[in-house]
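Heads up, final_2.csv below (CSV, C-alpha atoms):
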chain,number,residue,atom,x,y,z
A,1,MET,CA,0.0,0.0,0.0
A,2,GLY,CA,1.5,3.3,-1.1
A,3,GLU,CA,1.6,6.6,0.8
A,4,VAL,CA,-1.5,8.7,1.0
A,5,GLU,CA,-1.0,12.3,0.0
A,6,ILE,CA,-3.1,14.5,2.2
A,7,LYS,CA,-5.6,16.7,0.3
A,8,PRO,CA,-5.9,20.4,1.2
A,9,ILE,CA,-9.6,20.1,1.8
A,10,ALA,CA,-9.1,17.2,4.2
A,11,LEU,CA,-6.6,19.4,6.1
A,12,LEU,CA,-9.1,22.3,6.3
A,13,ILE,CA,-11.9,20.0,7.5
A,14,SER,CA,-9.7,18.4,10.2
A,15,PHE,CA,-8.5,21.9,11.3
A,16,ILE,CA,-12.1,23.0,11.8
A,17,ILE,CA,-13.1,19.9,13.7
A,18,TRP,CA,-10.0,20.1,16.0
A,19,LEU,CA,-10.5,23.8,16.5
A,20,ASP,CA,-14.0,23.1,17.7
A,21,ILE,CA,-12.7,20.4,20.1
A,22,ASP,CA,-10.0,22.7,21.4
A,23,ILE,CA,-12.4,25.5,22.0
A,24,THR,CA,-14.8,23.2,23.9
A,25,VAL,CA,-12.0,21.8,26.1
A,26,CYS,CA,-10.5,25.2,26.8
A,27,LYS,CA,-13.9,26.7,27.7
A,28,ASN,CA,-14.6,23.8,30.1
A,29,LEU,CA,-11.2,24.1,31.7
A,30,ALA,CA,-11.8,27.8,32.2
A,31,LYS,CA,-15.2,27.1,33.8
A,32,ASN,CA,-13.5,24.5,36.1
A,33,LYS,CA,-15.7,21.6,34.8
A,34,TYR,CA,-12.7,19.3,35.0
A,35,LYS,CA,-11.5,19.1,38.6
A,36,LYS,CA,-7.9,18.8,39.6
A,37,LYS,CA,-6.8,15.9,41.7
A,38,SER,CA,-6.2,18.2,44.7
A,39,ASP,CA,-9.7,19.7,44.4
A,40,LYS,CA,-11.3,16.3,44.4
A,41,PHE,CA,-9.2,15.2,47.4
A,42,ILE,CA,-10.0,18.4,49.4
A,43,GLU,CA,-13.8,18.2,48.6
A,44,LYS,CA,-13.9,14.6,49.9
A,45,ALA,CA,-11.9,15.5,53.0
A,46,LYS,CA,-14.1,18.5,53.7
A,47,ALA,CA,-17.3,16.4,53.3
A,48,ASN,CA,-15.9,13.8,55.8
A,49,GLY,CA,-14.5,16.5,58.2
A,50,ASN,CA,-10.9,15.3,57.7
A,51,TYR,CA,-9.0,18.6,58.0
A,52,VAL,CA,-7.0,20.3,60.6
A,53,ILE,CA,-4.8,23.4,60.9
A,54,GLY,CA,-1.1,22.9,60.4
A,55,GLU,CA,1.4,25.2,61.9
A,56,GLU,CA,4.9,26.0,60.6
A,57,VAL,CA,7.5,24.4,62.8
A,58,LYS,CA,10.6,24.8,60.5
A,59,SER,CA,11.5,26.7,57.4
A,60,GLN,CA,14.7,26.8,55.3
A,61,TYR,CA,15.8,29.2,52.6
A,62,TYR,CA,17.5,27.9,49.5
A,63,PRO,CA,19.1,30.7,47.4
A,64,SER,CA,19.1,30.6,43.6
A,65,TRP,CA,22.0,28.7,42.1
A,66,ARG,CA,23.3,27.0,39.0
A,67,ASP,CA,24.4,23.3,39.0
A,68,ASP,CA,27.4,21.9,37.2
A,69,ASN,CA,25.3,21.4,34.0
A,70,GLY,CA,24.4,25.1,34.0
A,71,THR,CA,20.8,24.5,35.0
A,72,TYR,CA,19.3,27.4,36.9
A,73,HIS,CA,17.4,26.7,40.2
A,74,GLU,CA,15.2,29.4,41.6
A,75,GLU,CA,15.3,30.5,45.2
A,76,SER,CA,12.8,28.6,47.3
A,77,TYR,CA,11.7,28.0,50.9
A,78,LYS,CA,11.2,24.6,52.4
A,79,VAL,CA,8.5,24.8,55.0
A,80,ILE,CA,7.6,22.0,57.4
A,81,TYR,CA,4.1,22.1,58.9
A,82,GLU,CA,3.0,20.1,61.8
A,83,TYR,CA,-0.6,18.9,62.3
A,84,ILE,CA,-2.3,16.7,64.9
A,85,VAL,CA,-4.9,14.1,64.2
A,86,ASN,CA,-6.4,12.0,67.0
A,87,GLY,CA,-3.5,13.0,69.3
A,88,LYS,CA,-0.8,12.0,66.9
A,89,LYS,CA,1.6,14.5,65.3
A,90,TYR,CA,2.3,14.5,61.5
A,91,LYS,CA,4.5,16.6,59.3
A,92,LYS,CA,3.9,18.0,55.9
A,93,LYS,CA,6.8,19.4,53.8
A,94,LEU,CA,6.0,22.1,51.2
A,95,TYR,CA,8.2,24.2,48.9
A,96,TYR,CA,7.4,27.9,48.1
A,97,TYR,CA,9.0,30.2,45.6
A,98,ASP,CA,8.0,33.3,47.4
A,99,ASN,CA,9.0,34.4,50.9
A,100,GLU,CA,5.3,35.1,51.7
A,101,TYR,CA,4.1,31.7,52.7
A,102,PRO,CA,1.4,31.0,55.3
A,103,LEU,CA,2.4,30.3,58.9
A,104,LYS,CA,-0.8,28.3,59.4
A,105,GLN,CA,-2.9,26.6,56.8
A,106,ASN,CA,-5.6,23.9,56.4
A,107,ILE,CA,-4.3,20.4,56.0
A,108,TYR,CA,-6.7,17.9,54.4
A,109,TYR,CA,-6.1,14.3,55.0
A,110,LYS,CA,-7.4,10.9,53.9
A,111,ALA,CA,-9.8,9.2,56.2
A,112,GLY,CA,-8.0,6.4,58.1
A,113,ASN,CA,-4.6,7.6,56.9
A,114,PRO,CA,-3.6,11.1,58.0
A,115,ARG,CA,-0.2,10.8,56.4
A,116,LYS,CA,-1.8,11.1,53.0
A,117,SER,CA,-2.6,14.8,53.0
A,118,ILE,CA,-2.8,17.9,50.9
A,119,ALA,CA,-2.3,21.4,52.1
A,120,GLY,CA,-4.7,24.2,51.1
A,121,THR,CA,-2.0,25.8,49.1
A,122,GLU,CA,-0.9,22.7,47.2
A,123,ASP,CA,-2.0,22.1,43.6
A,124,LYS,CA,-2.0,18.7,42.1
A,125,ASN,CA,-3.3,18.3,38.6
A,126,GLY,CA,-3.7,14.6,37.9
A,127,PHE,CA,-3.4,12.7,34.6
A,128,ILE,CA,-6.7,13.6,33.0
A,129,PHE,CA,-6.4,17.3,33.8
A,130,THR,CA,-2.9,17.4,32.4
A,131,MET,CA,-3.9,15.6,29.2
A,132,LEU,CA,-6.8,18.0,28.7
A,133,SER,CA,-4.5,21.0,29.2
A,134,LEU,CA,-2.2,19.6,26.5
A,135,CYS,CA,-5.1,19.0,24.1
A,136,PRO,CA,-4.3,22.2,22.0
A,137,PHE,CA,-0.7,21.1,21.6
A,138,PHE,CA,-1.6,17.5,20.7
A,139,SER,CA,-4.2,18.7,18.2
A,140,VAL,CA,-1.6,20.7,16.1
A,141,PHE,CA,1.0,18.0,16.0
A,142,VAL,CA,-1.0,14.8,16.2
A,143,GLY,CA,-4.8,15.3,15.9
A,144,ILE,CA,-5.0,17.5,12.8
A,145,PRO,CA,-2.6,15.4,10.7
A,146,MET,CA,-4.1,12.1,11.7
A,147,LEU,CA,-7.7,13.4,11.0
A,148,ALA,CA,-6.6,14.9,7.7
A,149,TRP,CA,-5.0,11.5,6.7
A,150,GLY,CA,-8.3,9.7,7.6
A,151,ILE,CA,-10.5,12.2,5.7
A,152,THR,CA,-8.2,11.9,2.7
A,153,ILE,CA,-8.6,8.1,2.7
A,154,LEU,CA,-12.4,8.5,2.9
A,155,ILE,CA,-12.4,11.0,0.1
A,156,ASN,CA,-10.3,8.6,-2.1
A,157,ILE,CA,-12.8,5.7,-1.3
A,158,PHE,CA,-15.8,7.7,-2.4

What is this file in structure tokens?
Amino acid sequence: MGEVEIKPIALLISFIIWLDIDITVCKNLAKNKYKKKSDKFIEKAKANGNYVIGEEVKSQYYPSWRDDNGTYHEESYKVIYEYIVNGKKYKKKLYYYDNEYPLKQNIYYKAGNPRKSIAGTEDKNGFIFTMLSLCPFFSVFVGIPMLAWGITILINIF
């Protein structure tokens, strides 16, 4: 089977279809229809009452620097928060790239396992959210050419 030369009309049709998909995904991302992993975790913890206030017990400043490979690393702060669940102390380590970090914040934890926790300032995307965020990129380099190839084959059949 020989190579299929993509027809310009197929490319135009695939561009219009993928543009519509991209606009729909971007609008839904903007309206927060797709929830991040951290948002889902926090909602579930709030519903079950699994949250406490964590207080800073230690912080450390890391200045900006370049490693041996020339890679630049921004200045950051490592902050350790301590929180108590059922009389037992737990620690949560977070990194901030701004010297204005909260001294106290809500810590949401998993029922039955307080070690698994997310701080109110943490942001975890999850696989689905990340893939949807990359949809416009994938459409240009993968989606449009593949759809155009498929439409060209259909045009050649009929």

Check your understanding: What lies within 9 Å of Ala10 of chain A using only C-alpha atoms, ignoring chain neighbours under 2 positions off, as a VMD selection string?
Key -> chain A and resid 6 to 8 12 to 15 147 to 152 155

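Among the candidates A:Lys27, A:Lys40, A:Lys35, A:Lys116, the one nearest to Tyr90 of chain A when counting only C-alpha atoms is A:Lys116.
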
Would you tabulate, counting all atoms listed in the file, all residues of segment 99-126 of chain A that have an atom at most 10 Å from an atom of segment 57-61 of chain A, showing the closest pair of atoms and their distance in Å to one decimal, sorted by chain then ascending number, as a Markdown table?
| residue | atom | partner | partner_atom | distance |
| --- | --- | --- | --- | --- |
| A:Asn99 | CA | A:Tyr61 | CA | 8.7 |
| A:Leu103 | CA | A:Val57 | CA | 8.7 |
| A:Lys104 | CA | A:Val57 | CA | 9.8 |

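The coordinates place atom CA of Tyr77 of chain A at 19.8 Å from atom CA of Ile53 of chain A.
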
Review point. Taking into account only C-alpha atoms, which residue in the set A:Ser76, A:Asn50, A:Asn156, A:Thr71 is nearest to Ala119 of chain A?
Key: A:Asn50

**Study point:** Atomic separation - atom CA of Tyr97 of chain A relative to atom CA of Glu122 of chain A, Å
**Key:**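 That distance, rounded to one decimal, is 12.5 Å.
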
Would you mind putting back N, CA and C atoms on segment 87-123 of chain A, then writing it out as an mmCIF file, in the coordinates of the input?
data_model
loop_
_atom_site.group_PDB
_atom_site.id
_atom_site.type_symbol
_atom_site.label_atom_id
_atom_site.label_comp_id
_atom_site.auth_asym_id
_atom_site.auth_seq_id
_atom_site.Cartn_x
_atom_site.Cartn_y
_atom_site.Cartn_z
ATOM 1 N N GLY A 87 -4.610 13.023 68.344
ATOM 2 C CA GLY A 87 -3.500 13.000 69.300
ATOM 3 C C GLY A 87 -2.153 12.685 68.787
ATOM 4 N N LYS A 88 -2.057 12.344 67.517
ATOM 5 C CA LYS A 88 -0.800 12.000 66.900
ATOM 6 C C LYS A 88 -0.285 13.090 65.998
ATOM 7 N N LYS A 89 1.013 13.395 66.074
ATOM 8 C CA LYS A 89 1.600 14.500 65.300
ATOM 9 C C LYS A 89 2.066 13.945 63.918
ATOM 10 N N TYR A 90 1.816 14.748 62.899
ATOM 11 C CA TYR A 90 2.300 14.500 61.500
ATOM 12 C C TYR A 90 2.936 15.689 60.977
ATOM 13 N N LYS A 91 3.778 15.484 59.970
ATOM 14 C CA LYS A 91 4.500 16.600 59.300
ATOM 15 C C LYS A 91 4.189 16.618 57.842
ATOM 16 N N LYS A 92 4.118 17.821 57.308
ATOM 17 C CA LYS A 92 3.900 18.000 55.900
ATOM 18 C C LYS A 92 4.946 18.997 55.368
ATOM 19 N N LYS A 93 5.711 18.579 54.358
ATOM 20 C CA LYS A 93 6.800 19.400 53.800
ATOM 21 C C LYS A 93 6.304 20.031 52.488
ATOM 22 N N LEU A 94 6.442 21.345 52.386
ATOM 23 C CA LEU A 94 6.000 22.100 51.200
ATOM 24 C C LEU A 94 7.154 23.016 50.751
ATOM 25 N N TYR A 95 7.190 23.313 49.459
ATOM 26 C CA TYR A 95 8.200 24.200 48.900
ATOM 27 C C TYR A 95 7.437 25.453 48.336
ATOM 28 N N TYR A 96 7.963 26.635 48.612
ATOM 29 C CA TYR A 96 7.400 27.900 48.100
ATOM 30 C C TYR A 96 8.485 28.643 47.362
ATOM 31 N N TYR A 97 8.088 29.345 46.319
ATOM 32 C CA TYR A 97 9.000 30.200 45.600
ATOM 33 C C TYR A 97 8.850 31.634 45.867
ATOM 34 N N ASP A 98 8.226 31.909 46.996
ATOM 35 C CA ASP A 98 8.000 33.300 47.400
ATOM 36 C C ASP A 98 8.183 33.291 48.944
ATOM 37 N N ASN A 99 8.762 34.364 49.462
ATOM 38 C CA ASN A 99 9.000 34.400 50.900
ATOM 39 C C ASN A 99 7.711 34.684 51.696
ATOM 40 N N GLU A 100 6.606 34.872 51.012
ATOM 41 C CA GLU A 100 5.300 35.100 51.700
ATOM 42 C C GLU A 100 4.528 33.797 51.689
ATOM 43 N N TYR A 101 4.846 32.932 52.596
ATOM 44 C CA TYR A 101 4.100 31.700 52.700
ATOM 45 C C TYR A 101 3.324 31.726 54.045
ATOM 46 N N PRO A 102 2.218 30.985 54.123
ATOM 47 C CA PRO A 102 1.400 31.000 55.300
ATOM 48 C C PRO A 102 2.050 30.329 56.514
ATOM 49 N N LEU A 103 1.895 30.916 57.696
ATOM 50 C CA LEU A 103 2.400 30.300 58.900
ATOM 51 C C LEU A 103 1.482 29.188 59.392
ATOM 52 N N LYS A 104 0.199 29.336 59.082
ATOM 53 C CA LYS A 104 -0.800 28.300 59.400
ATOM 54 C C LYS A 104 -1.647 28.092 58.154
ATOM 55 N N GLN A 105 -2.064 26.862 57.961
ATOM 56 C CA GLN A 105 -2.900 26.600 56.800
ATOM 57 C C GLN A 105 -3.685 25.275 57.054
ATOM 58 N N ASN A 106 -4.765 25.117 56.305
ATOM 59 C CA ASN A 106 -5.600 23.900 56.400
ATOM 60 C C ASN A 106 -4.807 22.729 55.784
ATOM 61 N N ILE A 107 -4.831 21.609 56.488
ATOM 62 C CA ILE A 107 -4.300 20.400 56.000
ATOM 63 C C ILE A 107 -5.422 19.384 55.856
ATOM 64 N N TYR A 108 -5.655 18.877 54.652
ATOM 65 C CA TYR A 108 -6.700 17.900 54.400
ATOM 66 C C TYR A 108 -6.106 16.537 54.289
ATOM 67 N N TYR A 109 -6.675 15.578 55.002
ATOM 68 C CA TYR A 109 -6.100 14.300 55.000
ATOM 69 C C TYR A 109 -7.090 13.175 54.662
ATOM 70 N N LYS A 110 -6.553 12.037 54.274
ATOM 71 C CA LYS A 110 -7.400 10.900 53.900
ATOM 72 C C LYS A 110 -7.912 10.205 55.132
ATOM 73 N N ALA A 111 -9.182 9.836 55.100
ATOM 74 C CA ALA A 111 -9.800 9.200 56.200
ATOM 75 C C ALA A 111 -9.059 7.856 56.507
ATOM 76 N N GLY A 112 -8.665 7.649 57.771
ATOM 77 C CA GLY A 112 -8.000 6.400 58.100
ATOM 78 C C GLY A 112 -6.472 6.466 57.892
ATOM 79 N N ASN A 113 -5.991 7.469 57.139
ATOM 80 C CA ASN A 113 -4.600 7.600 56.900
ATOM 81 C C ASN A 113 -4.142 9.039 56.820
ATOM 82 N N PRO A 114 -3.964 9.674 57.982
ATOM 83 C CA PRO A 114 -3.600 11.100 58.000
ATOM 84 C C PRO A 114 -2.292 11.460 57.381
ATOM 85 N N ARG A 115 -1.420 10.472 57.132
ATOM 86 C CA ARG A 115 -0.200 10.800 56.400
ATOM 87 C C ARG A 115 -0.399 11.233 55.010
ATOM 88 N N LYS A 116 -1.421 10.702 54.386
ATOM 89 C CA LYS A 116 -1.800 11.100 53.000
ATOM 90 C C LYS A 116 -2.575 12.402 53.141
ATOM 91 N N SER A 117 -1.924 13.492 52.819
ATOM 92 C CA SER A 117 -2.600 14.800 53.000
ATOM 93 C C SER A 117 -2.223 15.760 51.902
ATOM 94 N N ILE A 118 -3.045 16.785 51.809
ATOM 95 C CA ILE A 118 -2.800 17.900 50.900
ATOM 96 C C ILE A 118 -3.047 19.170 51.634
ATOM 97 N N ALA A 119 -2.142 20.109 51.487
ATOM 98 C CA ALA A 119 -2.300 21.400 52.100
ATOM 99 C C ALA A 119 -3.197 22.286 51.249
ATOM 100 N N GLY A 120 -3.809 23.272 51.872
ATOM 101 C CA GLY A 120 -4.700 24.200 51.100
ATOM 102 C C GLY A 120 -4.021 24.918 50.011
ATOM 103 N N THR A 121 -2.700 25.103 50.106
ATOM 104 C CA THR A 121 -2.000 25.800 49.100
ATOM 105 C C THR A 121 -1.373 24.913 47.996
ATOM 106 N N GLU A 122 -1.494 23.601 48.182
ATOM 107 C CA GLU A 122 -0.900 22.700 47.200
ATOM 108 C C GLU A 122 -1.847 22.577 45.984
ATOM 109 N N ASP A 123 -1.249 22.227 44.865
ATOM 110 C CA ASP A 123 -2.000 22.100 43.600
ATOM 111 C C ASP A 123 -1.511 20.900 42.856
#
